[in-house]
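The next block holds one structure in the form of structure tokens; read it before the comments.
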Amino acid sequence: MAERILEVEGLRTHFFTKGGVIKAVDDVSFTLDRGQVLGLVGESGSGKSVTGFSIMGLVDPPGRVAGGRVLYRGTDLAGLREDAMRRIRGRRIAMIFQDPMMTLNPVLRIDTQMIETLQAHETIDMAEARRRARDALGQVGIPSPDQRLKAYPHQFSGGMRQRVAIAIALLHHPDLIIADEPTTALDVTIQGQILYEVQKLVREQGTALIWITHDLSVVAGLADDVAVMYAGRVVESGSVADVIDRPLHPYTRGLIDSVPSRNPRGRPLHQIRGMSPSPLKLPPGCAFRARCPRAAPQCQAMPGLDALLPGHSVRCFRPHLPEAAQ
């Protein structure tokens, strides 16, 4: 039986602003086992990044986790004091940010930053810390790691800086890594190299991974399972093969149909009409109904996230069910 690393149950993260309450994450649930890769997909503002920050305990005021549980090996992270959370954050659960300069200090050498990261959580001498830092750089494909340890962040390209950020996340061999769109700003070649290194590390170390992205093509080649988010909620979840090949929710189908590689040459790309609703003025019921080609009066109520097919759940009253399942 697979070892359960993370259980997120009914997570709610709200931002209490002067204009009202923004329900950035509203009743999100999923599980993650050792060595499993979960793709968290959605357009900007869907709540996927806030979900990652909530797990890490990095939500700043006026935001706060308003409900639900985040269980790491059975321990509820949402109820931990900051000093206890600090012992887990970075050591047992690590995060890779979209901009590596959120991780790297521009005025410190790479070796200084990596050694300080190790010494913050472990009693370790300088020689051993340097050796582990060098080995981590080698793991992510950085050539001449001994020399590169002595460099400053500005002496690396964007792709190399992101590799350094990944190496720092791997220093303590964490049980879980949360990667928040770490390849979005990189060119396709560098993106492919980093994805290859991440897949290799997951296989070799058994690390669980949450890959946050808006790019379904990345998820298709990287993840085992996928959860699609819209307006703070998971609207569809299941294995990558099921969700990509047989999408049930109209929003998921719209995302997939808008990918150029899935459309015949010369045919206009499909697009989802309209825009995402304001998080301060979400409509009652299904938040997608104003943009949905299958909307009906019943969509003014909120649908539940139901398993309509084995291992494949959807939050919709009128999903695209296969004929055999209807």
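Simple scheme: letters A, B, ... for chains in structure tokens order, numbers from 1 for residues in each chain, numbers from 1 for ligands in the order shown.
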
Identify, on the basis of only C-alpha atoms, every residue whose closest approach to A:Gln191 does not exceed 12 Å; exclude the query and any residue fewer than 6 positions from it along the same chain; express the result as a PyMOL selection string. chain A and resi 158-160+162-163+181-185+197-198+215+217-218+222

Quick one: contact table of stretch 73-151 of chain A to stretch 39-58 of chain A, 8 Å max, nearest atom pair and distance in Å to one decimal per residue, counting only C-alpha atoms, chain and number order, as a Markdown table?
```
| residue | atom | partner | partner_atom | distance |
| --- | --- | --- | --- | --- |
| A:Leu77 | CA | A:Ile55 | CA | 7.4 |
| A:Ala78 | CA | A:Gly57 | CA | 7.3 |
| A:Met85 | CA | A:Gly57 | CA | 7.5 |
| A:Arg89 | CA | A:Met56 | CA | 6.5 |
| A:Ile93 | CA | A:Met56 | CA | 7.5 |
| A:Met95 | CA | A:Met56 | CA | 7.8 |
```

Hey, can you spit out that residue selection with C-alpha atoms as an mmCIF file, in the first residue's frame?
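Saved to part-v3.cif:
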```
data_model
loop_
_atom_site.group_PDB
_atom_site.id
_atom_site.type_symbol
_atom_site.label_atom_id
_atom_site.label_comp_id
_atom_site.auth_asym_id
_atom_site.auth_seq_id
_atom_site.Cartn_x
_atom_site.Cartn_y
_atom_site.Cartn_z
ATOM 1 C CA LEU A 77 -0.272 21.757 9.647
ATOM 2 C CA ALA A 78 -3.018 24.376 9.872
ATOM 3 C CA MET A 85 5.858 24.767 11.227
ATOM 4 C CA ARG A 89 8.897 23.951 6.136
ATOM 5 C CA ILE A 93 8.055 20.113 2.723
ATOM 6 C CA MET A 95 8.562 24.923 -2.273
#
```

What's around stretch 33-35 of chain A at 8 Å? Count only C-alpha atoms, leave out sequence neighbours fewer than 3 positions away in its own chain, and write the answer as a PyMOL selection string. chain A and resi 2-6+175+202-203+205-209

List every residue of stretch 20-101 of chain A that DSSP, applied to the backbone, labels as strand (DSSP E or B), and write the result as a ChimeraX atom specification. /A:20-33,37-41,63-72,75-76,89,93-96

For A:Gln119, work out the shell of residues within 12 Å, counting only C-alpha atoms and skipping chain neighbours fewer than 2 positions away, then give it as an MDAnalysis selection string. chainID A and resid 90:91 112:117 121:130 132:133 171:172

Find the residue from A:Met101, A:Ile166, A:Ala296, A:Leu305 that sits nearest to A:Gly141; use only C-alpha atoms when measuring.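 Using only C-alpha atoms, A:Gly141 sits closest to A:Ile166.
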
Excluding stretch 147-154 of chain A and any residue of its chain fewer than 3 positions from it, enumerate the residues within 6 Å of it, using only C-alpha atoms, and give them as a ChimeraX atom specification. /A:106,109-111,144

May I ask which of the residues A:Phe156, A:Phe30, A:Phe97, A:Phe288 is the closest one to A:Ser313, counting only C-alpha atoms?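 Among A:Phe156, A:Phe30, A:Phe97, A:Phe288, it is A:Phe30 that comes nearest to A:Ser313.
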
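One finds atom CA of A:Leu176 at 22.0 Å from atom CA of A:Arg64.
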
Could you give me, as a PyMOL selection string, the residues within 10 Å of A:Asp306, counting only C-alpha atoms and dropping anything in the same chain fewer than 5 positions from it? chain A and resi 235-237+312-317

N, CA and C atoms of the current selection, written as a tab-separated table (two decimals), in the first residue's frame:
```tsv
chain	number	residue	atom	x	y	z
A	235	VAL	N	-12.84	21.63	-9.84
A	235	VAL	CA	-14.03	21.31	-10.64
A	235	VAL	C	-13.93	19.94	-11.30
A	236	GLU	N	-12.69	19.40	-11.36
A	236	GLU	CA	-12.52	18.05	-11.92
A	236	GLU	C	-11.20	17.49	-11.43
A	237	SER	N	-11.19	16.20	-11.13
A	237	SER	CA	-9.95	15.55	-10.70
A	237	SER	C	-9.98	14.09	-11.12
A	312	HIS	N	-12.58	9.30	-11.07
A	312	HIS	CA	-12.71	10.50	-11.89
A	312	HIS	C	-13.92	11.30	-11.37
A	313	SER	N	-13.64	12.46	-10.73
A	313	SER	CA	-14.69	13.26	-10.10
A	313	SER	C	-14.88	14.57	-10.84
A	314	VAL	N	-16.10	15.10	-10.78
A	314	VAL	CA	-16.41	16.35	-11.46
A	314	VAL	C	-17.45	17.13	-10.66
A	315	ARG	N	-17.34	18.45	-10.68
A	315	ARG	CA	-18.31	19.33	-10.01
A	315	ARG	C	-19.19	19.95	-11.10
A	316	CYS	N	-20.22	19.24	-11.50
A	316	CYS	CA	-21.06	19.71	-12.61
A	316	CYS	C	-22.37	18.93	-12.65
A	317	PHE	N	-23.47	19.65	-12.94
A	317	PHE	CA	-24.76	18.99	-13.10
A	317	PHE	C	-24.93	18.39	-14.49
```

Residue neighbourhood A:Val21, 12 Å, only C-alpha atoms, exclusion window fewer than 2 positions, as a PDB file with C-alpha atoms, in the first residue's frame:
```pdb
ATOM      1  CA  ARG A  12     -10.576  27.298   2.785  1.00  0.00           C
ATOM      2  CA  THR A  13      -8.282  30.316   2.520  1.00  0.00           C
ATOM      3  CA  HIS A  14      -9.944  33.730   2.564  1.00  0.00           C
ATOM      4  CA  PHE A  15      -8.635  37.274   2.209  1.00  0.00           C
ATOM      5  CA  PHE A  16     -10.495  39.795   4.366  1.00  0.00           C
ATOM      6  CA  THR A  17     -10.268  43.086   2.479  1.00  0.00           C
ATOM      7  CA  LYS A  18     -12.057  46.423   2.792  1.00  0.00           C
ATOM      8  CA  GLY A  19     -14.020  45.547  -0.338  1.00  0.00           C
ATOM      9  CA  LYS A  23     -12.603  33.218  -1.095  1.00  0.00           C
ATOM     10  CA  ALA A  24      -9.362  32.413  -2.913  1.00  0.00           C
ATOM     11  CA  VAL A  25      -9.534  28.737  -1.916  1.00  0.00           C
ATOM     12  CA  ASP A  26     -12.967  27.364  -1.104  1.00  0.00           C
ATOM     13  CA  PRO A  62      -5.211  39.980   5.275  1.00  0.00           C
ATOM     14  CA  GLY A  63      -5.400  36.363   4.174  1.00  0.00           C
ATOM     15  CA  ARG A  64      -5.686  33.360   6.476  1.00  0.00           C
ATOM     16  CA  ALA A  66     -10.342  29.948   7.401  1.00  0.00           C
ATOM     17  CA  SER A 278     -14.481  38.832  -9.876  1.00  0.00           C
ATOM     18  CA  PRO A 279     -13.537  36.929  -6.701  1.00  0.00           C
ATOM     19  CA  LEU A 280     -15.419  39.628  -4.772  1.00  0.00           C
ATOM     20  CA  LYS A 281     -18.614  39.059  -6.762  1.00  0.00           C
ATOM     21  CA  LEU A 282     -18.849  35.351  -7.449  1.00  0.00           C
TER      22      LEU A 282
END
```

Just checking: using only C-alpha atoms, which residue out of A:Ala94, A:Gln199, A:Ala179, A:Ile194 ends up closest to A:Trp211?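 Closest to A:Trp211, using only C-alpha atoms: A:Ala179.
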
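Among the candidate residues A:Pro100, A:Ala241, A:Leu201, A:Leu137, the one lying nearest to A:Arg161 is A:Pro100, with distances computed using only C-alpha atoms.
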
Could you jot down the atom CA of A:Val37 to atom CA of A:Thr213 separation for me, Å, one decimal place?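 That distance, rounded to one decimal, is 12.7 Å.
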